[in-house]
$ cat entry_3.tsv   # TSV, C-alpha atoms
chain	number	residue	atom	x	y	z
A	28	MET	CA	0.00	0.00	0.00
A	29	ALA	CA	1.41	3.39	-0.93
A	30	PHE	CA	1.10	6.47	1.27
A	31	PRO	CA	1.67	10.11	0.37
A	32	VAL	CA	5.05	11.18	1.71
A	33	VAL	CA	4.08	14.16	3.84
A	34	ALA	CA	5.33	15.34	7.18
A	35	GLN	CA	3.00	17.01	9.70
A	36	PRO	CA	0.91	14.90	12.08
A	37	SER	CA	-2.79	14.43	11.35
A	38	LYS	CA	-5.09	17.25	12.43
A	39	LYS	CA	-7.25	14.60	14.08
A	40	LEU	CA	-4.56	13.88	16.70
A	41	LYS	CA	-5.91	16.66	18.90
A	42	LYS	CA	-9.38	15.12	18.78
A	43	ALA	CA	-7.84	11.80	19.81
A	44	GLY	CA	-5.82	13.36	22.63
A	45	TRP	CA	-2.69	11.93	21.03
A	46	GLU	CA	0.65	13.66	20.53
A	47	LEU	CA	3.21	12.51	17.96
A	48	GLY	CA	6.86	13.24	18.67
A	49	VAL	CA	10.30	11.73	18.26
A	50	GLN	CA	12.71	10.07	20.66
A	51	SER	CA	16.02	11.83	20.02
A	52	TYR	CA	17.88	8.51	20.15
A	53	THR	CA	16.52	8.10	16.62
A	54	PHE	CA	19.15	10.72	15.71
A	55	HIS	CA	21.86	9.66	18.16
A	56	ARG	CA	24.56	9.90	15.47
A	57	PHE	CA	23.80	13.62	15.37
A	58	THR	CA	23.80	16.38	17.96
A	59	PHE	CA	20.78	17.50	19.94
A	60	GLN	CA	20.58	20.64	17.82
A	61	GLU	CA	20.62	18.57	14.63
A	62	ALA	CA	17.96	16.26	16.11
A	63	VAL	CA	15.75	19.29	16.80
A	64	ASP	CA	16.31	20.48	13.23
A	65	LYS	CA	15.19	17.10	11.94
A	66	ALA	CA	12.10	17.16	14.17
A	67	GLN	CA	11.23	20.55	12.72
A	68	GLU	CA	11.72	19.22	9.18
A	69	LEU	CA	9.31	16.39	10.02
A	70	GLY	CA	6.72	18.81	11.37
A	71	LEU	CA	6.96	17.29	14.86
A	72	ASN	CA	6.47	19.57	17.85
A	73	TYR	CA	7.41	17.12	20.61
A	74	MET	CA	10.66	15.43	21.54
A	75	GLU	CA	11.72	12.90	24.14
A	76	VAL	CA	15.43	13.46	24.77
A	77	TYR	CA	17.93	10.80	25.73
A	78	TYR	CA	20.87	11.44	28.02
A	79	GLY	CA	24.37	11.49	26.60
A	80	GLN	CA	23.69	13.17	23.24
A	81	PRO	CA	26.17	15.95	22.34
A	82	LEU	CA	24.30	19.25	22.44
A	83	GLY	CA	25.77	20.82	19.31
A	84	LYS	CA	28.27	23.28	17.95
A	85	ASP	CA	26.63	26.25	19.71
A	86	ILE	CA	26.17	24.58	23.12
A	87	GLU	CA	28.95	22.78	24.99
A	88	GLY	CA	28.42	19.45	26.70
A	89	THR	CA	25.92	16.62	26.39
A	90	MET	CA	22.26	16.18	27.32
A	91	ASP	CA	22.56	15.55	31.06
A	92	PHE	CA	20.15	16.07	33.94
A	93	LYS	CA	23.12	17.44	35.89
A	94	MET	CA	23.73	20.29	33.42
A	95	ASP	CA	23.96	23.82	34.80
A	96	LYS	CA	21.17	26.40	34.60
A	97	ALA	CA	22.82	28.40	31.84
A	98	THR	CA	23.07	25.33	29.61
A	99	GLN	CA	19.47	24.42	30.37
A	100	LYS	CA	18.39	27.85	29.13
A	101	GLU	CA	20.38	27.46	25.92
A	102	VAL	CA	18.87	24.03	25.27
A	103	LEU	CA	15.33	25.30	25.81
A	104	LYS	CA	15.97	28.40	23.72
A	105	TYR	CA	17.17	26.33	20.75
A	106	ALA	CA	14.26	23.89	20.92
A	107	LYS	CA	11.74	26.73	21.20
A	108	SER	CA	13.30	28.50	18.20
A	109	LYS	CA	12.43	25.44	16.10
A	110	GLY	CA	8.93	24.99	17.52
A	111	VAL	CA	9.90	21.87	19.47
A	112	LYS	CA	8.87	21.15	23.07
A	113	ILE	CA	10.98	18.76	25.14
A	114	LYS	CA	8.07	16.72	26.40
A	115	GLY	CA	9.91	13.76	27.89
A	116	SER	CA	13.32	12.38	28.78
A	117	GLY	CA	14.87	8.96	29.20
A	118	VAL	CA	15.30	6.05	29.38
A	119	VAL	CA	17.15	6.59	32.67
A	120	ILE	CA	18.06	4.59	35.78
A	121	CYS	CA	19.32	6.52	38.80
A	122	LYS	CA	21.70	4.99	41.33
A	123	ASP	CA	20.21	6.44	44.53
A	124	GLU	CA	17.54	8.72	45.95
A	125	ALA	CA	19.72	11.83	45.68
A	126	GLU	CA	20.17	11.25	41.95
A	127	TRP	CA	16.44	10.64	41.47
A	128	GLU	CA	15.73	13.96	43.18
A	129	GLN	CA	18.24	15.68	40.89
A	130	LEU	CA	16.55	14.15	37.85
A	131	PHE	CA	13.14	15.46	38.90
A	132	GLN	CA	14.55	18.90	39.68
A	133	PHE	CA	16.00	19.02	36.17
A	134	ALA	CA	12.72	17.87	34.61
A	135	ASP	CA	10.83	20.51	36.58
A	136	ALA	CA	13.20	23.27	35.46
A	137	MET	CA	12.97	22.16	31.83
A	138	GLY	CA	9.20	21.81	31.71
A	139	ILE	CA	9.49	18.07	31.06
A	140	GLU	CA	6.17	16.33	31.64
A	141	ILE	CA	7.18	12.66	31.39
A	142	ILE	CA	10.24	10.89	32.80
A	143	THR	CA	10.84	7.58	31.02
A	144	CYS	CA	12.79	5.28	33.29
A	145	GLU	CA	13.38	1.83	34.73
A	146	PRO	CA	13.74	2.28	38.50
A	147	GLU	CA	15.06	-0.43	40.76
A	148	TYR	CA	12.19	-1.90	42.72
A	149	LYS	CA	13.61	-0.46	45.97
A	150	HIS	CA	13.30	3.07	44.56
A	151	LEU	CA	9.71	2.84	43.28
A	152	LYS	CA	7.98	4.34	46.32
A	153	PHE	CA	10.45	7.22	46.45
A	154	VAL	CA	10.02	7.85	42.71
A	155	ASP	CA	6.26	7.91	43.29
A	156	GLN	CA	6.72	10.53	46.02
A	157	LEU	CA	8.85	12.66	43.69
A	158	ALA	CA	6.35	12.32	40.84
A	159	ASN	CA	3.63	13.76	43.07
A	160	LYS	CA	5.89	16.39	44.63
A	161	TYR	CA	6.91	17.78	41.22
A	162	LYS	CA	3.68	16.85	39.40
A	163	ILE	CA	5.61	15.00	36.69
A	164	ASP	CA	4.45	11.68	35.27
A	165	VAL	CA	6.68	8.62	35.30
A	166	ALA	CA	6.58	6.20	32.37
A	167	ILE	CA	8.31	2.92	33.19
A	168	HIS	CA	9.89	1.40	30.10
A	169	ASN	CA	10.13	-2.28	29.12
A	170	HIS	CA	13.57	-3.26	27.92
A	171	PRO	CA	13.85	-7.00	27.12
A	172	LYS	CA	14.91	-9.64	29.66
A	173	PRO	CA	16.50	-9.33	32.16
A	174	SER	CA	14.82	-5.93	32.66
A	175	ASN	CA	12.65	-5.73	35.77
A	176	TYR	CA	9.71	-4.71	33.57
A	177	TRP	CA	10.04	-6.81	30.42
A	178	SER	CA	6.50	-8.18	30.71
A	179	PRO	CA	3.26	-6.36	31.54
A	180	GLU	CA	2.71	-8.73	34.47
A	181	LEU	CA	6.02	-7.75	36.09
A	182	PHE	CA	5.26	-4.06	35.62
A	183	LEU	CA	1.74	-4.27	37.04
A	184	LYS	CA	2.89	-6.25	40.06
A	185	ALA	CA	5.68	-3.76	40.76
A	186	VAL	CA	3.47	-0.65	40.62
A	187	ASP	CA	0.48	-2.09	42.45
A	188	GLY	CA	-0.58	0.39	45.12
A	189	LEU	CA	1.36	3.32	43.69
A	190	SER	CA	-0.28	6.56	42.58
A	191	ASP	CA	-1.65	7.37	39.15
A	192	ARG	CA	1.49	9.41	38.44
A	193	ILE	CA	3.33	6.12	37.97
A	194	GLY	CA	2.64	4.64	34.57
A	195	ALA	CA	4.23	2.92	31.61
A	196	CYS	CA	6.05	3.67	28.39
A	197	ALA	CA	5.23	0.77	26.09
A	198	ASP	CA	8.03	-0.15	23.71
A	199	VAL	CA	5.95	-2.30	21.39
A	200	GLY	CA	8.97	-3.45	19.40
A	201	HIS	CA	10.62	-4.99	22.46
A	202	TRP	CA	7.40	-6.83	23.27
A	203	LYS	CA	7.18	-8.32	19.78
A	204	ARG	CA	10.84	-9.36	19.79
A	205	MET	CA	10.25	-11.08	23.13
A	206	GLY	CA	7.32	-13.03	21.69
A	207	LEU	CA	4.71	-11.00	23.58
A	208	ASP	CA	1.47	-9.77	22.00
A	209	PRO	CA	1.62	-5.94	21.91
A	210	VAL	CA	-2.15	-5.61	21.56
A	211	GLU	CA	-2.71	-7.62	24.74
A	212	GLY	CA	0.11	-5.72	26.44
A	213	LEU	CA	-1.60	-2.39	25.79
A	214	LYS	CA	-4.88	-3.80	27.11
A	215	GLN	CA	-3.11	-4.97	30.26
A	216	TYR	CA	-1.50	-1.60	30.85
A	217	GLY	CA	-4.87	0.11	30.53
A	218	SER	CA	-4.99	3.43	32.34
A	219	ARG	CA	-1.35	3.04	33.49
A	220	LEU	CA	-0.14	3.78	29.96
A	221	LYS	CA	1.52	7.22	29.73
A	222	SER	CA	3.44	7.03	26.45
A	223	LEU	CA	4.78	4.73	23.75
A	224	HIS	CA	7.98	4.07	21.88
A	225	PHE	CA	6.12	3.32	18.69
A	226	LYS	CA	7.64	1.28	15.87
A	227	ASP	CA	7.33	-1.56	13.40
A	228	ILE	CA	9.93	-4.32	12.96
A	229	LYS	CA	10.95	-6.85	10.33
A	230	GLU	CA	10.04	-10.50	10.55
A	231	LYS	CA	12.44	-12.91	12.22
A	232	VAL	CA	14.94	-14.36	9.76
A	233	GLU	CA	16.82	-17.51	10.71
A	234	GLY	CA	20.50	-16.78	11.21
A	235	GLU	CA	19.92	-13.05	11.82
A	236	ALA	CA	20.07	-11.86	15.41
A	237	GLU	CA	18.37	-8.53	14.86
A	238	GLN	CA	14.79	-7.73	13.90
A	239	HIS	CA	15.46	-4.13	12.95
A	240	ASP	CA	12.92	-1.34	12.59
A	241	VAL	CA	11.09	-0.93	9.30
A	242	ILE	CA	8.76	1.68	7.83
A	243	TRP	CA	5.44	1.56	9.65
A	244	GLY	CA	2.88	-0.71	8.07
A	245	THR	CA	5.50	-2.87	6.30
A	246	GLY	CA	6.56	-5.05	9.24
A	247	ILE	CA	5.05	-7.62	11.58
A	248	LEU	CA	3.56	-5.40	14.28
A	249	PRO	CA	-0.26	-5.04	14.22
A	250	LEU	CA	-0.15	-1.24	14.21
A	251	LYS	CA	-3.79	-0.70	13.27
A	252	ASP	CA	-4.99	-3.11	15.94
A	253	MET	CA	-2.82	-1.38	18.54
A	254	LEU	CA	-4.19	2.04	17.62
A	255	GLU	CA	-7.75	0.72	17.73
A	256	VAL	CA	-7.13	-0.59	21.26
A	257	LEU	CA	-5.69	2.74	22.33
A	258	LYS	CA	-8.79	4.47	21.01
A	259	GLU	CA	-11.02	2.02	22.87
A	260	GLU	CA	-9.00	2.49	26.06
A	261	LYS	CA	-9.32	6.28	25.63
A	262	PHE	CA	-5.55	6.65	25.83
A	263	GLU	CA	-4.29	10.22	25.80
A	264	GLY	CA	-0.57	10.83	25.55
A	265	LEU	CA	2.65	10.78	23.62
A	266	PHE	CA	3.74	8.52	20.78
A	267	SER	CA	7.52	8.81	20.49
A	268	ILE	CA	8.83	7.75	17.10
A	269	GLU	CA	11.88	5.64	17.93
A	270	TYR	CA	13.20	4.59	14.55
A	271	GLU	CA	16.33	2.51	15.03
A	272	TYR	CA	17.44	1.90	11.47
A	273	ASN	CA	18.94	3.74	8.51
A	274	TRP	CA	20.67	5.82	11.15
A	275	ASP	CA	22.46	8.29	8.89
A	276	ASN	CA	19.47	9.16	6.69
A	277	SER	CA	16.27	8.23	8.50
A	278	VAL	CA	14.18	11.34	7.80
A	279	PRO	CA	12.73	10.03	4.49
A	280	ASP	CA	11.68	6.80	6.23
A	281	ILE	CA	10.16	8.69	9.16
A	282	LYS	CA	8.14	10.84	6.77
A	283	LYS	CA	6.59	7.61	5.51
A	284	ASN	CA	5.94	6.53	9.12
A	285	ILE	CA	4.09	9.78	9.77
A	286	ALA	CA	2.09	9.41	6.57
A	287	TYR	CA	1.04	5.90	7.59
A	288	PHE	CA	0.13	7.07	11.08
A	289	ASN	CA	-1.89	9.96	9.64
A	290	GLN	CA	-3.91	7.65	7.44
A	291	VAL	CA	-4.77	5.28	10.27
A	292	VAL	CA	-5.64	8.11	12.66
A	293	ASP	CA	-7.85	9.70	10.01
A	294	GLU	CA	-9.65	6.38	9.55
A	295	LEU	CA	-10.15	5.89	13.31
A	296	PHE	CA	-11.34	9.39	14.11
$ encode --input "entry_3.tsv" --output "structure tokens"
Amino acid sequence: MAFPVVAQPSKKLKKAGWELGVQSYTFHRFTFQEAVDKAQELGLNYMEVYYGQPLGKDIEGTMDFKMDKATQKEVLKYAKSKGVKIKGSGVVICKDEAEWEQLFQFADAMGIEIITCEPEYKHLKFVDQLANKYKIDVAIHNHPKPSNYWSPELFLKAVDGLSDRIGACADVGHWKRMGLDPVEGLKQYGSRLKSLHFKDIKEKVEGEAEQHDVIWGTGILPLKDMLEVLKEEKFEGLFSIEYEYNWDNSVPDIKKNIAYFNQVVDELF
């Protein structure tokens, strides 16, 4: 099926309560400034930043929740100049309570609304306290085994009894690679779902270790079924495009992803 190659998210996203953005790791071979430029080219107004990315020729250092106030201002100024809001950050794991507090202080100063992370179980209650103190949502991510949260059951057991600020970031590609059904996973997460690392992946080929990302709608993930479930569940939140392929020239592929997403959203709403 062919799709018109257009950037700009569907106008029906607002009606759905959905936001389409990009995880800056998609452009990890480039600087943060270059990643923002690419987001602007794609017509995307939201970005989830990852830690460790060089900031760019005009700003010294790397994306780091320990950066000084002056650097924070420069980062925000550059993103704003391109019409991009830093909506989320991660995936991050902090070593102790002091570092978690520093992370939330940074997110608060930067206007970040979602912290994508994988806390140790012993830190979950403290992270919940911080989420409510700073009024910032937490989206717990599912890396594959041996991650603490690789299956929906492990996640739900771990967060049982915690506040509504504690939710999930569903990486649907990791689920599929692990042999889990992403449609059922989204149903299980239910109201705990805060955001997604959205993607499509190639089929498993014998002798190949990697099932790399592919243009949406051309792989083995049931994207339409997932979006239908999210509509039924009345999900409202961020879809981060995390496209981990064609690293040096991924913008043309991502334009096709956006076009596919637009078509499905327009059909659903």
$ atom_distance --input "entry_3.tsv" --atom1 "CA of Ala236 (chain A)" --atom2 "CA of Ser267 (chain A)"
24.7 Å
$ residues_around --input "entry_3.tsv" --residues "region 67-71 of chain A" --least-positions-apart "5" --cutoff "9 Å" --atoms "all atoms listed in the file" --output "number ranges by chain"
A: 33-36, 47-49, 62, 109-111, 278, 281-282, 285
$ residues_around --input "entry_3.tsv" --residues "Cys196 (chain A)" --least-positions-apart "5" --cutoff "10 Å" --atoms "all atoms listed in the file" --output "VMD selection string"
chain A and resid 118 141 to 145 165 to 169 216 219 to 225 265 to 267
$ closest_residue --input "entry_3.tsv" --among "A:Val232, A:Leu151, A:Ile242, A:Ala158" --to "Gly188 (chain A)" --atoms "only C-alpha atoms"
A:Leu151
$ residues_around --input "entry_3.tsv" --residues "region 120-126 of chain A" --least-positions-apart "5" --cutoff "9 Å" --atoms "all atoms listed in the file" --output "list in words"
Phe131, Cys144, Glu145, Pro146, Glu147, His150, Phe153 and Val154 of chain A
$ axis_aligned_box --input "entry_3.tsv" --around "region 143-153 of chain A" --padding-each-side "3 Å" --output "lines of an AutoDock Vina configuration file"
center_x = 11.5
center_y = 2.8
center_z = 38.7
size_x = 13.1
size_y = 15.5
size_z = 21.4
$ residues_around --input "entry_3.tsv" --residues "Lys104 (chain A)" --least-positions-apart "6" --cutoff "12 Å" --atoms "all atoms listed in the file" --output "ChimeraX atom specification"
/A:60,63,85-86,97-98,110-113,137
